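Reviewing the structure listed below.
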Amino acid sequence: MPVTPTYPGVYVEEVPSTSHTIAAAPTSVTVFVGYTHPFKTRPANYGQAVQIFSFTDYEREFGGLFSTDWLADDVGRAVYDFFLNGGSIAYVVALRPGTRQLSGKTTAELVPPALTLGGTASGANAGAGITFVGREPVDGAHRLTVAVTNLAASQESTPAASATKDLADIVISYGSRTETYRRVRISPPPEDAANGPEARIGTADNPVSQLVTVAPGTSYPSAWPAAIAPTPLGSGVPTTPFTTYNAGDFTDVFGADRPLDKVPVFNLLLTPGIWDNAVVSAALAFAERKRAFVILDAPADTVADPGGYIVPNAVPPYPPLIGEVMSDAVVGRSIPKSQNGALYFPRLRSTDPDSGDPVTVSPSGFVAGMYAREDANRGVWKAPAGLETVIAGATGVVASGLLSDARHGTLNPIGVNCLRSFPGVGTVVFGARTLVAANPAFQQYRYVPVRRTALFLEQSLAAGLTWVIFEPNDEPLWVAIRTTVENFMLGLFNQGAFQGRTPSQAFQVRCDATTTTPDDQANGVVNIVLAWAPLKPAEFVVLKLAQLAGQPQS
């Protein structure tokens with residue numbers, strides 16, 4: 001603060017520095033949008049951006065993985081693969097699936113599978129029984145069963161008491177998972193409430209079992225069968241043709257009252273397993289406004305080459321070629337083009353972490369994790385591709401996505417980033433082009449790392465220069481801005497983020513009377529011009545060999 005000199009001597013005055021710092025923005029905060037576990041997702045999480053830091057967090061908030069034929073668990077598996085491959089911070093926007101007729105009309109919310117056991121056919125308590133409600137989706141291949149065994153009497157001191165079988169073991173099975181609850185009280189009156197099914201197995205409000213809950217207010221039967229063999233719970237889905245997908249569920253996320261507007265900053269946006277044109281277009285447009293990058297999955301039914309793996313004696317229509325879809329040559333199928341997105345093909349083979357069964361998984365979750373890993377190890381300016389990007393959790397690519405070098409050479413120029421398996425290496429990301437790679441007007445952002453570096457600089461500078469607002473717009477401010485931005489860029493240069501041997505070759509910062517005119521000053525505008533030399537990946541390595549002939553003998 002200013003001093004007032006009154007006596008001869010030395011006075012100390014602290015002068016505030018005009019130097020400021022710019023903090024580097026994050027580069028791999030990832031958002032997942034899609035359908036989560038239909039019966040375990042916390043109701044308060046629907047339509048909200050929930051931050052998670054591990055797959056354990058995802059299991060707690062959204063119920064973890066599930067398997068059923070009528071609802072794909074694309075989000076759960078993408079989140080699992082993201083953290084497995086190096087991801088660290090994510091947001092999940094959960095959508096609520098519903099049963100819809102093929103026309104798209106919503107008919108009802110999904111109903112959990114249910115089963116009532118122990119009811120009597122007649123008498124005062126006719127129809128009474130214990131109702132079990134499933135917490136996992138079921139179908140013909142994924143059955144959820146409940147069995148009641150080992151019936152016994154809690155009091156066997158008298159013949160009359162021993163005739164009342166009021167204790168039993170309840171065994172619940174789902175795939176390879178089994179839960180057993182010993183000596184549960186199953187007959188009225190519920191003298192031992194803490195040992196009844198509602199307390200031991202849990203209710204919807206207070207679940208204990210991971211597989212089922214007991215409907216509250218159970219009316220116990222007066223007569224219980226000797227035992228009940230494993231009985232499957234009903235599916236709870238319509239018998240008529242239906243779908244659980246609706247494009248409007250996704251586009252609403254990117255429309256009015258967007259939940260992602262409440263997220264301070266994110267860098268990667270995924271809609272795992274979704275390639276609908278309306279959804280992808282809305283996601284790309286939203287990402288462009290938020291300075292984010294979209295990782296797209298190729299349509300699941302696309303193939304790389306029409307020969308070699310189509311079912312023998314197959315009849316048209318044949319599966320569409322990914323190259324034709326990307327080139328908009330297939331009627332009704334197109335991939336929107338944007339410099340803020342990249343597409344990856346094909347789907348990957350993996351192993352279900354619960355059952356150990358082989359599964360086919362969309363690649364976007366794997367790739368997003370790889371982005372995060374490369375950003376942490378090398379920097380956002382390093383292409384997330386190459387032999388060092390070995391994908392954890394993948395056992396190879398699907399048969400319809402096997403590629404030769406020649407076929408890969410037709411897909412790379414049009415922006416299809418291929419995943420390939422190499423002997424002795426594993427499955428790697430082997431492409432780093434954006435969706436506009438084939439458009440000559442966007443050649444400056446043909447490569448993924450170049451575009452992502454530009455977005456990183458925009459986010460860092462936009463957040464780091466807010467102190468400039470309302471400062472006096474003249475030479476002292478311009479000097480402070482140049483110093484601040486140059487220091488930030490110099491730090492990136494020292495990390496190898498730009499081309500050039502010297503800082504002057506790598507970047508230039510201008511903020512002076514040539515960029516900010518008197519008219520700009522009068523209108524409260526200060527202009528900063530930043531130019532940088534991006535690093536582009538060595539995509540093609542050309543080895544030239546020549547023979548030395550006619551050399552003199554030494």
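Letters A, B, ... mark the chains of the structure tokens in the order given; residue numbers begin at 1 per chain; ligand numbers begin at 1, in order shown.
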Distance query segment 137-148 of chain A at most 6 Å, only C-alpha atoms, self and fewer than 3 positions along chain excluded, as a PyMOL selection string: chain A and resi 169-174+227-233+235
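The residue that comes closest to Thr427 of chain A, out of A:Val367, A:Ala94, A:Leu530, A:Leu411 and on the basis of only C-alpha atoms, is A:Val367.
Nearest to Ala372 of chain A of all the residues A:Asn267, A:Ser460, A:Thr251, A:Thr244 is A:Asn267, counting only C-alpha atoms.
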Using only C-alpha atoms, which residues sit within 7 Å of segment 75-78 of chain A once same-chain residues fewer than 4 positions away are excluded, as a compact mmCIF listing (two decimals) with C-alpha atoms, in the first residue's frame?
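Saved to around.txt:
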# COMPACT_ATOMS: atom_id res chain seq x y z
CA PHE A 32 -20.93 -40.52 -20.97
CA GLY A 34 -26.91 -43.13 -22.35
CA TYR A 35 -29.04 -45.79 -20.69
CA THR A 36 -27.74 -47.16 -17.41
CA GLY A 64 -22.87 -51.47 -12.48
CA LEU A 65 -23.01 -53.83 -15.46
CA PHE A 82 -12.51 -46.10 -19.80
CA PRO A 272 -21.59 -45.22 -26.47
CA SER A 364 -15.42 -45.58 -27.68
CA GLY A 365 -14.88 -46.34 -23.98
CA PHE A 366 -11.54 -48.03 -24.69
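Checking A:Ala226, A:Ile274, A:Leu284, A:Leu84 one by one against Met370 of chain A, counting only C-alpha atoms, you find the shortest gap at A:Leu84.
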Per-residue DSSP, segment 302-475 of chain A, filtered to strand (DSSP E), as a ChimeraX atom specification: /A:341-345,348-351,358-361,394-397,416-422,426-429
Keeping only N, CA, C and O atoms, write the selected residues to a file as a short mmCIF file (atom, residue, chain, number, x, y, z; two decimals), in the first residue's frame.
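Okay, result13.cif is ready:
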data_model
loop_
_atom_site.label_atom_id
_atom_site.label_comp_id
_atom_site.auth_asym_id
_atom_site.auth_seq_id
_atom_site.Cartn_x
_atom_site.Cartn_y
_atom_site.Cartn_z
N GLY A 341 -14.73 -34.09 -33.80
CA GLY A 341 -15.10 -35.47 -33.57
C GLY A 341 -14.24 -36.43 -34.35
O GLY A 341 -13.59 -36.06 -35.34
N ALA A 342 -14.21 -37.68 -33.90
CA ALA A 342 -13.47 -38.74 -34.58
C ALA A 342 -14.25 -40.03 -34.44
O ALA A 342 -14.91 -40.27 -33.42
N LEU A 343 -14.19 -40.88 -35.46
CA LEU A 343 -14.92 -42.15 -35.49
C LEU A 343 -13.94 -43.30 -35.44
O LEU A 343 -12.89 -43.27 -36.12
N TYR A 344 -14.30 -44.35 -34.67
CA TYR A 344 -13.42 -45.51 -34.50
C TYR A 344 -14.16 -46.79 -34.89
O TYR A 344 -15.33 -46.98 -34.58
N PHE A 345 -13.43 -47.66 -35.59
CA PHE A 345 -13.97 -48.90 -36.16
C PHE A 345 -12.88 -49.96 -36.07
O PHE A 345 -11.70 -49.65 -36.24
N LEU A 348 -14.93 -54.29 -30.66
CA LEU A 348 -13.87 -55.10 -30.09
C LEU A 348 -14.45 -56.32 -29.37
O LEU A 348 -15.57 -56.30 -28.87
N ARG A 349 -13.66 -57.37 -29.36
CA ARG A 349 -13.99 -58.54 -28.56
C ARG A 349 -13.37 -58.37 -27.17
O ARG A 349 -12.24 -57.92 -27.03
N SER A 350 -14.14 -58.72 -26.15
CA SER A 350 -13.67 -58.58 -24.78
C SER A 350 -14.24 -59.72 -23.93
O SER A 350 -14.85 -60.65 -24.47
N THR A 351 -14.05 -59.63 -22.63
CA THR A 351 -14.53 -60.65 -21.69
C THR A 351 -15.39 -59.98 -20.63
O THR A 351 -15.00 -58.96 -20.06
N PRO A 358 -17.31 -64.36 -23.38
CA PRO A 358 -16.89 -63.41 -24.42
C PRO A 358 -18.03 -62.47 -24.78
O PRO A 358 -19.18 -62.89 -24.88
N VAL A 359 -17.70 -61.19 -24.98
CA VAL A 359 -18.70 -60.19 -25.35
C VAL A 359 -18.12 -59.31 -26.45
O VAL A 359 -16.91 -59.25 -26.65
N THR A 360 -19.02 -58.65 -27.17
CA THR A 360 -18.62 -57.68 -28.18
C THR A 360 -18.97 -56.29 -27.66
O THR A 360 -20.09 -56.05 -27.22
N VAL A 361 -18.00 -55.38 -27.72
CA VAL A 361 -18.13 -54.08 -27.07
C VAL A 361 -17.82 -52.96 -28.06
O VAL A 361 -16.92 -53.10 -28.90
N ALA A 394 -9.13 -55.83 -24.20
CA ALA A 394 -9.59 -56.28 -25.52
C ALA A 394 -8.86 -57.55 -25.91
O ALA A 394 -7.64 -57.67 -25.72
N THR A 395 -9.60 -58.50 -26.45
CA THR A 395 -9.00 -59.75 -26.92
C THR A 395 -8.89 -59.79 -28.44
O THR A 395 -8.55 -60.82 -29.00
N GLY A 396 -9.18 -58.68 -29.09
CA GLY A 396 -9.09 -58.61 -30.54
C GLY A 396 -10.26 -57.82 -31.11
O GLY A 396 -11.10 -57.29 -30.36
N VAL A 397 -10.31 -57.75 -32.42
CA VAL A 397 -11.42 -57.08 -33.09
C VAL A 397 -12.40 -58.13 -33.59
O VAL A 397 -12.05 -59.31 -33.74
N VAL A 416 -11.82 -42.74 -41.08
CA VAL A 416 -12.18 -43.91 -40.27
C VAL A 416 -10.92 -44.35 -39.52
O VAL A 416 -9.96 -44.82 -40.13
N ASN A 417 -10.91 -44.16 -38.21
CA ASN A 417 -9.77 -44.56 -37.40
C ASN A 417 -9.93 -46.03 -37.02
O ASN A 417 -10.88 -46.41 -36.32
N CYS A 418 -9.02 -46.84 -37.50
CA CYS A 418 -9.16 -48.29 -37.36
C CYS A 418 -8.43 -48.80 -36.12
O CYS A 418 -7.38 -48.28 -35.73
N LEU A 419 -9.02 -49.81 -35.52
CA LEU A 419 -8.39 -50.56 -34.44
C LEU A 419 -7.89 -51.87 -35.03
O LEU A 419 -8.65 -52.57 -35.71
N ARG A 420 -6.63 -52.19 -34.78
CA ARG A 420 -6.05 -53.37 -35.41
C ARG A 420 -5.29 -54.20 -34.39
O ARG A 420 -4.80 -53.68 -33.39
N SER A 421 -5.21 -55.49 -34.67
CA SER A 421 -4.46 -56.41 -33.82
C SER A 421 -3.22 -56.87 -34.57
O SER A 421 -3.30 -57.30 -35.72
N PHE A 422 -2.08 -56.77 -33.89
CA PHE A 422 -0.81 -57.17 -34.49
C PHE A 422 -0.19 -58.28 -33.65
O PHE A 422 -0.21 -58.21 -32.41
N GLY A 426 -0.69 -56.85 -29.69
CA GLY A 426 -2.03 -56.76 -29.13
C GLY A 426 -2.90 -55.88 -30.00
O GLY A 426 -2.57 -55.57 -31.15
N THR A 427 -4.02 -55.45 -29.47
CA THR A 427 -4.95 -54.60 -30.19
C THR A 427 -4.62 -53.14 -29.88
O THR A 427 -4.55 -52.75 -28.71
N VAL A 428 -4.43 -52.35 -30.93
CA VAL A 428 -4.00 -50.97 -30.76
C VAL A 428 -4.89 -50.04 -31.57
O VAL A 428 -5.58 -50.45 -32.50
N VAL A 429 -4.85 -48.75 -31.19
CA VAL A 429 -5.50 -47.71 -31.99
C VAL A 429 -4.54 -47.34 -33.11
O VAL A 429 -3.39 -46.98 -32.85
#
